[in-house]
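The file query-v1.tsv contains TSV, C-alpha atoms and all ligand atoms:
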```tsv
chain	number	residue	atom	x	y	z
A	1	MET	CA	0.00	0.00	0.00
A	2	THR	CA	1.36	3.47	-0.81
A	3	TRP	CA	0.62	6.02	1.87
A	4	ILE	CA	0.53	9.74	1.18
A	5	LYS	CA	1.86	11.78	4.07
A	6	PRO	CA	-0.74	14.01	5.75
A	7	ASP	CA	-0.39	17.76	5.75
A	8	LYS	CA	1.39	18.43	9.04
A	9	LYS	CA	0.37	22.10	9.21
A	10	THR	CA	-3.30	21.35	9.64
A	11	LYS	CA	-2.94	18.27	11.83
A	12	LYS	CA	-2.74	17.91	15.56
A	13	ASN	CA	0.45	16.42	16.90
A	14	TRP	CA	-0.80	13.47	18.96
A	15	LYS	CA	0.91	12.44	22.16
A	16	ILE	CA	0.77	8.76	23.00
A	17	GLN	CA	-1.38	9.52	26.08
A	18	ASP	CA	-3.90	11.37	23.89
A	19	ILE	CA	-4.07	8.46	21.44
A	20	ASP	CA	-4.64	6.15	24.38
A	21	LYS	CA	-7.46	8.38	25.69
A	22	SER	CA	-9.08	8.62	22.27
A	23	LEU	CA	-9.01	4.83	21.83
A	24	LYS	CA	-10.38	4.25	25.30
A	25	LYS	CA	-13.37	6.33	24.22
A	26	SER	CA	-13.89	4.90	20.75
A	27	LEU	CA	-13.25	1.18	21.39
A	28	GLU	CA	-15.42	-1.30	23.25
A	29	LYS	CA	-13.96	-2.24	26.64
A	30	LYS	CA	-12.80	-5.69	25.57
A	31	ARG	CA	-11.18	-4.30	22.44
A	32	TYR	CA	-9.40	-1.59	24.41
A	33	THR	CA	-7.99	-4.20	26.83
A	34	HIS	CA	-6.81	-6.27	23.84
A	35	THR	CA	-5.27	-3.11	22.34
A	36	LEU	CA	-3.16	-2.44	25.44
A	37	GLY	CA	-2.14	-6.11	25.47
A	38	VAL	CA	-0.95	-5.88	21.87
A	39	ALA	CA	0.91	-2.59	22.47
A	40	ASN	CA	2.77	-4.00	25.49
A	41	THR	CA	3.50	-7.36	23.86
A	42	ALA	CA	4.76	-5.62	20.71
A	43	ALA	CA	7.08	-3.47	22.84
A	44	CYS	CA	8.44	-6.60	24.58
A	45	LEU	CA	9.03	-8.35	21.26
A	46	ALA	CA	10.82	-5.24	19.97
A	47	MET	CA	13.08	-5.30	23.05
A	48	CYS	CA	13.90	-8.93	22.41
A	49	HIS	CA	14.50	-8.63	18.66
A	50	ASN	CA	16.32	-5.29	18.58
A	51	GLY	CA	13.38	-3.36	17.17
A	52	ASP	CA	12.16	0.17	17.86
A	53	ILE	CA	10.24	-0.16	21.15
A	54	ASN	CA	8.29	3.10	20.82
A	55	LYS	CA	7.21	2.38	17.27
A	56	ALA	CA	6.14	-1.13	18.25
A	57	TYR	CA	4.05	0.21	21.14
A	58	LEU	CA	2.44	2.87	18.94
A	59	ALA	CA	1.65	0.45	16.11
A	60	GLY	CA	0.20	-2.01	18.61
A	61	LEU	CA	-1.88	0.72	20.22
A	62	LEU	CA	-3.36	1.78	16.88
A	63	HIS	CA	-3.66	-1.61	15.15
A	64	ASP	CA	-7.40	-2.12	15.87
A	65	ASN	CA	-8.47	1.54	15.94
A	66	ALA	CA	-11.13	0.89	13.27
A	67	LYS	CA	-12.35	-2.40	14.75
A	68	CYS	CA	-15.45	-0.98	16.42
A	69	LEU	CA	-16.71	0.98	13.41
A	70	SER	CA	-19.82	-0.41	11.71
A	71	ASN	CA	-19.32	-2.27	8.45
A	72	LYS	CA	-21.25	0.47	6.69
A	73	LYS	CA	-18.85	3.08	8.07
A	74	LYS	CA	-15.78	1.03	7.05
A	75	LEU	CA	-17.10	0.69	3.51
A	76	SER	CA	-17.97	4.37	3.27
A	77	ILE	CA	-14.48	5.40	4.47
A	78	CYS	CA	-12.94	3.17	1.77
A	79	LYS	CA	-15.17	4.73	-0.87
A	80	LYS	CA	-14.42	8.30	0.22
A	81	ALA	CA	-10.68	7.70	0.54
A	82	GLY	CA	-10.43	5.68	-2.69
A	83	LEU	CA	-9.12	2.60	-0.88
A	84	PRO	CA	-9.52	-0.58	-2.96
A	85	VAL	CA	-12.19	-3.03	-1.76
A	86	SER	CA	-11.98	-6.59	-3.08
A	87	LYS	CA	-15.01	-8.84	-3.66
A	88	ILE	CA	-14.16	-10.80	-0.50
A	89	GLU	CA	-13.87	-7.61	1.52
A	90	GLU	CA	-17.16	-6.35	0.14
A	91	LYS	CA	-18.85	-9.54	1.36
A	92	ASN	CA	-16.92	-9.44	4.65
A	93	PRO	CA	-16.36	-5.78	5.54
A	94	GLU	CA	-14.96	-6.98	8.87
A	95	LEU	CA	-11.74	-7.73	6.95
A	96	LEU	CA	-11.42	-4.01	6.18
A	97	HIS	CA	-10.65	-2.93	9.74
A	98	ALA	CA	-6.90	-3.25	9.18
A	99	LYS	CA	-6.83	-1.21	5.97
A	100	VAL	CA	-9.27	1.40	7.29
A	101	GLY	CA	-7.37	1.50	10.60
A	102	SER	CA	-4.18	2.23	8.74
A	103	TYR	CA	-5.86	5.04	6.81
A	104	LEU	CA	-7.33	6.54	9.99
A	105	ALA	CA	-3.97	6.27	11.76
A	106	MET	CA	-2.63	8.49	8.98
A	107	VAL	CA	-5.43	11.06	8.66
A	108	GLU	CA	-6.81	11.14	12.21
A	109	TYR	CA	-3.76	10.40	14.33
A	110	ASN	CA	-1.23	12.00	12.00
A	111	ILE	CA	1.04	8.96	11.75
A	112	ALA	CA	3.40	9.54	8.84
A	113	ASP	CA	5.67	6.53	9.36
A	114	ASN	CA	5.05	4.04	6.53
A	115	ASP	CA	6.32	1.11	8.57
A	116	ILE	CA	3.75	1.77	11.30
A	117	LEU	CA	0.98	2.25	8.71
A	118	ASN	CA	1.91	-1.01	7.00
A	119	ALA	CA	2.10	-2.87	10.32
A	120	ILE	CA	-1.50	-1.81	10.97
A	121	CYS	CA	-2.60	-2.54	7.40
A	122	TYR	CA	-1.24	-6.11	7.35
A	123	HIS	CA	-1.85	-7.12	10.97
A	124	THR	CA	-4.52	-9.71	10.15
A	125	THR	CA	-3.24	-11.31	6.95
A	126	GLY	CA	0.46	-10.62	7.06
A	127	ARG	CA	2.16	-10.34	3.67
A	128	PRO	CA	5.24	-11.81	2.02
A	129	ASP	CA	8.54	-10.29	3.13
A	130	MET	CA	7.28	-8.40	6.17
A	131	SER	CA	9.38	-5.83	8.02
A	132	LEU	CA	10.46	-6.51	11.62
A	133	LEU	CA	7.73	-4.17	12.90
A	134	GLU	CA	5.05	-5.82	10.72
A	135	LYS	CA	6.02	-9.25	12.07
A	136	ILE	CA	6.02	-7.98	15.65
A	137	VAL	CA	2.51	-6.47	15.45
A	138	PHE	CA	1.11	-9.51	13.63
A	139	ILE	CA	2.50	-11.86	16.28
A	140	ALA	CA	1.63	-9.61	19.25
A	141	ASP	CA	-1.99	-9.49	18.03
A	142	TYR	CA	-2.16	-13.28	18.17
A	143	MET	CA	-0.40	-13.90	21.48
A	144	GLU	CA	-1.13	-10.93	23.78
A	145	PRO	CA	-2.02	-11.99	27.35
A	146	ASN	CA	-5.78	-11.35	27.07
A	147	ARG	CA	-6.25	-13.70	24.10
A	148	LYS	CA	-8.42	-16.66	24.95
A	149	GLN	CA	-6.52	-19.87	25.42
A	150	ILE	CA	-6.30	-21.64	22.08
A	151	PRO	CA	-4.37	-24.88	21.48
A	152	GLY	CA	-0.70	-24.23	20.81
A	153	LEU	CA	-0.67	-20.70	22.22
A	154	GLU	CA	1.96	-21.49	24.86
A	155	THR	CA	4.31	-22.82	22.17
A	156	ILE	CA	3.76	-19.70	20.07
A	157	ARG	CA	4.40	-17.37	23.03
A	158	ALA	CA	7.69	-19.08	23.83
A	159	MET	CA	8.75	-19.28	20.19
A	160	ALA	CA	8.07	-15.56	19.57
A	161	PHE	CA	10.97	-14.65	21.82
A	162	LYS	CA	13.30	-16.91	19.83
A	163	ASP	CA	12.42	-16.88	16.14
A	164	LEU	CA	9.87	-14.54	14.52
A	165	ASP	CA	9.71	-16.30	11.13
A	166	ASP	CA	9.05	-19.71	12.70
A	167	THR	CA	6.36	-18.10	14.88
A	168	LEU	CA	4.73	-16.43	11.88
A	169	LEU	CA	4.60	-19.73	10.05
A	170	LEU	CA	2.98	-21.51	12.97
A	171	ILE	CA	0.37	-18.77	13.46
A	172	LEU	CA	-0.47	-18.74	9.75
A	173	GLU	CA	-0.77	-22.53	9.72
A	174	ASN	CA	-3.11	-22.45	12.75
A	175	THR	CA	-5.20	-19.65	11.21
A	176	LEU	CA	-5.56	-21.43	7.87
A	177	ASN	CA	-6.47	-24.74	9.55
A	178	TYR	CA	-9.04	-22.97	11.71
A	179	ILE	CA	-10.69	-21.22	8.76
A	180	LYS	CA	-10.62	-24.36	6.59
A	181	LYS	CA	-12.46	-26.31	9.31
A	182	LYS	CA	-15.33	-23.83	9.30
A	183	ASP	CA	-18.31	-24.37	6.99
A	184	ASN	CA	-18.14	-20.82	5.81
A	185	GLN	CA	-14.70	-19.98	4.45
A	186	SER	CA	-15.70	-16.62	3.06
A	187	ASP	CA	-13.63	-14.78	5.65
A	188	LEU	CA	-10.37	-16.18	4.32
A	189	ASP	CA	-8.37	-13.41	2.76
A	190	PRO	CA	-6.19	-14.88	-0.03
A	191	MET	CA	-3.29	-12.84	1.36
A	192	THR	CA	-3.14	-15.14	4.41
A	193	GLN	CA	-2.46	-18.12	2.12
A	194	LYS	CA	0.08	-16.12	0.12
A	195	THR	CA	1.93	-15.10	3.28
A	196	TYR	CA	1.93	-18.69	4.53
A	197	GLU	CA	3.38	-19.99	1.27
A	198	TYR	CA	6.08	-17.31	1.30
A	199	TYR	CA	7.26	-18.14	4.82
A	200	LEU	CA	7.01	-21.89	4.15
A	201	SER	CA	9.29	-21.62	1.14
A	202	LEU	CA	11.64	-19.34	3.10
A	203	LYS	CA	11.97	-22.02	5.76
A	204	SER	CA	12.71	-24.72	3.21
A	205	LYS	CA	15.55	-22.56	1.84
A	206	LYS	CA	17.12	-22.08	5.30
A	301	FE	FE	-7.46	-6.64	14.20
A	302	FE	FE	-6.26	-7.07	17.26
```
In structure tokens, how does this file's structure come out?
Ligand code: FE
Ligand code: FE
Amino acid sequence: MTWIKPDKKTKKNWKIQDIDKSLKKSLEKKRYTHTLGVANTAACLAMCHNGDINKAYLAGLLHDNAKCLSNKKKLSICKKAGLPVSKIEEKNPELLHAKVGSYLAMVEYNIADNDILNAICYHTTGRPDMSLLEKIVFIADYMEPNRKQIPGLETIRAMAFKDLDDTLLLILENTLNYIKKKDNQSDLDPMTQKTYEYYLSLKSKK
């Protein structure tokens, strides 16, 4: 995704505490708790893997900022902003919260850092050849402490502090298996499969 930088002159310069306050207001309670979990987990993963701790916290904090918007609202933001909406996304506007969240991070919260915007944009599907920050947010979203206990989560949490690519692969595998088991597979974004195949072939080359 190519992000156009917002006009700084007309935009408020957000402090992290103000972003936190704004999200506390706009997100449902459970989602806000999850958000703080992702921000803190992302910061810990950044510490462990030599990433930028502040960026990881900020990206984690903003990753689900559009999650509590209605589907109608998400679709109308895409239309207004000229963001592409695929057939699958049109049927499942829920999938749009990452893309819309990334857009709102840029225009509402004045985030001009492309790496943060991409980490928000790809936090549900991943994408081939992710940056360190993208990997951290993707993994933190899956393993933060408030996530309900799903099989294999303990392994993933331990692995995340050792090898990010192996962790990504395991999460993607679990996600694909989970979706494939469901009767309705319409919420599978093809990007998830693409990301999985990329990291699988990367592992075989190692
Ligand atoms: Fe999300
Ligand atoms: Fe999330």
Atom CA of A:His49 to atom FE of ligand FE 301 (chain A), distance in Å rounded to a single decimal: 22.5 Å
Ligand FE 301 (chain A) neighbours within 7 Å using only C-alpha atoms and all ligand atoms, as an MDAnalysis selection string: chainID A and resid 63:64 67 97:98 123:124
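Near ligand FE 302 (chain A), at a distance of at most 10 Å and with only C-alpha atoms and all ligand atoms counted, sit the residues Arg31, Tyr32, His34, Thr35, Leu36, Gly37, Val38, Ala39, Gly60, Leu61, Leu62, His63, Asp64, Asn65, Lys67, His97, Ala98, Ile120, His123, Thr124, Val137, Phe138, Ala140, Asp141, Tyr142, Met143, Glu144 and Arg147 of chain A.
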Polymer residues at most 12 Å from A:Leu45, all atoms listed in the file, same-chain spacing of 6 or more positions, as a ChimeraX atom specification: /A:38-39,51-57,60,132-141,143-144,157-164,167
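Our summary of the geometry notes that atom CA of A:Leu83 is positioned 28.6 Å from atom CA of A:Thr33.
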Point-to-point distance from atom CA of A:Leu176 to atom CA of A:Glu197, Å rounded to tenths: 11.2 Å
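Among the candidates A:Tyr199, A:Leu58, A:Asn146, A:Asn92, the residue lying nearest to A:Gln17 is A:Leu58 (atoms considered: all atoms listed in the file).
If you measure from each of A:Ile111, A:Asn177, A:Cys121, A:Lys203 to A:Lys15 using only C-alpha atoms, the closest one turns out to be A:Ile111.
Of the residues listed (A:Ser86, A:Ser204, A:Ser102, A:Asn40), A:Ser86 shows the shortest atom-to-atom separation from A:Met191; distances use all atoms listed in the file.
With distances taken over only C-alpha atoms, A:Cys68 is the one residue among A:Ser76, A:Gly126, A:Asp189, A:Cys68 lying closest to A:Lys25.
Proximity ranking of A:Gln149, A:Asn174, A:Cys48, A:Pro128 relative to A:Ser201 places A:Pro128 first, based on only C-alpha atoms.
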Distance criterion (all atoms listed in the file): nearest to A:Pro93 out of A:Ala105, A:Ala119, A:Ile156, A:Ile77: A:Ile77
Is it possible to get the axis-aligned box enclosing stretch 61-65 of chain A (all listed atoms, 3 Å extra per side) as lines of an AutoDock Vina configuration file, with centre and edge lengths in Å rounded to one decimal?
```
center_x = -5.2
center_y = -0.2
center_z = 17.7
size_x = 12.6
size_y = 9.9
size_z = 11.1
```
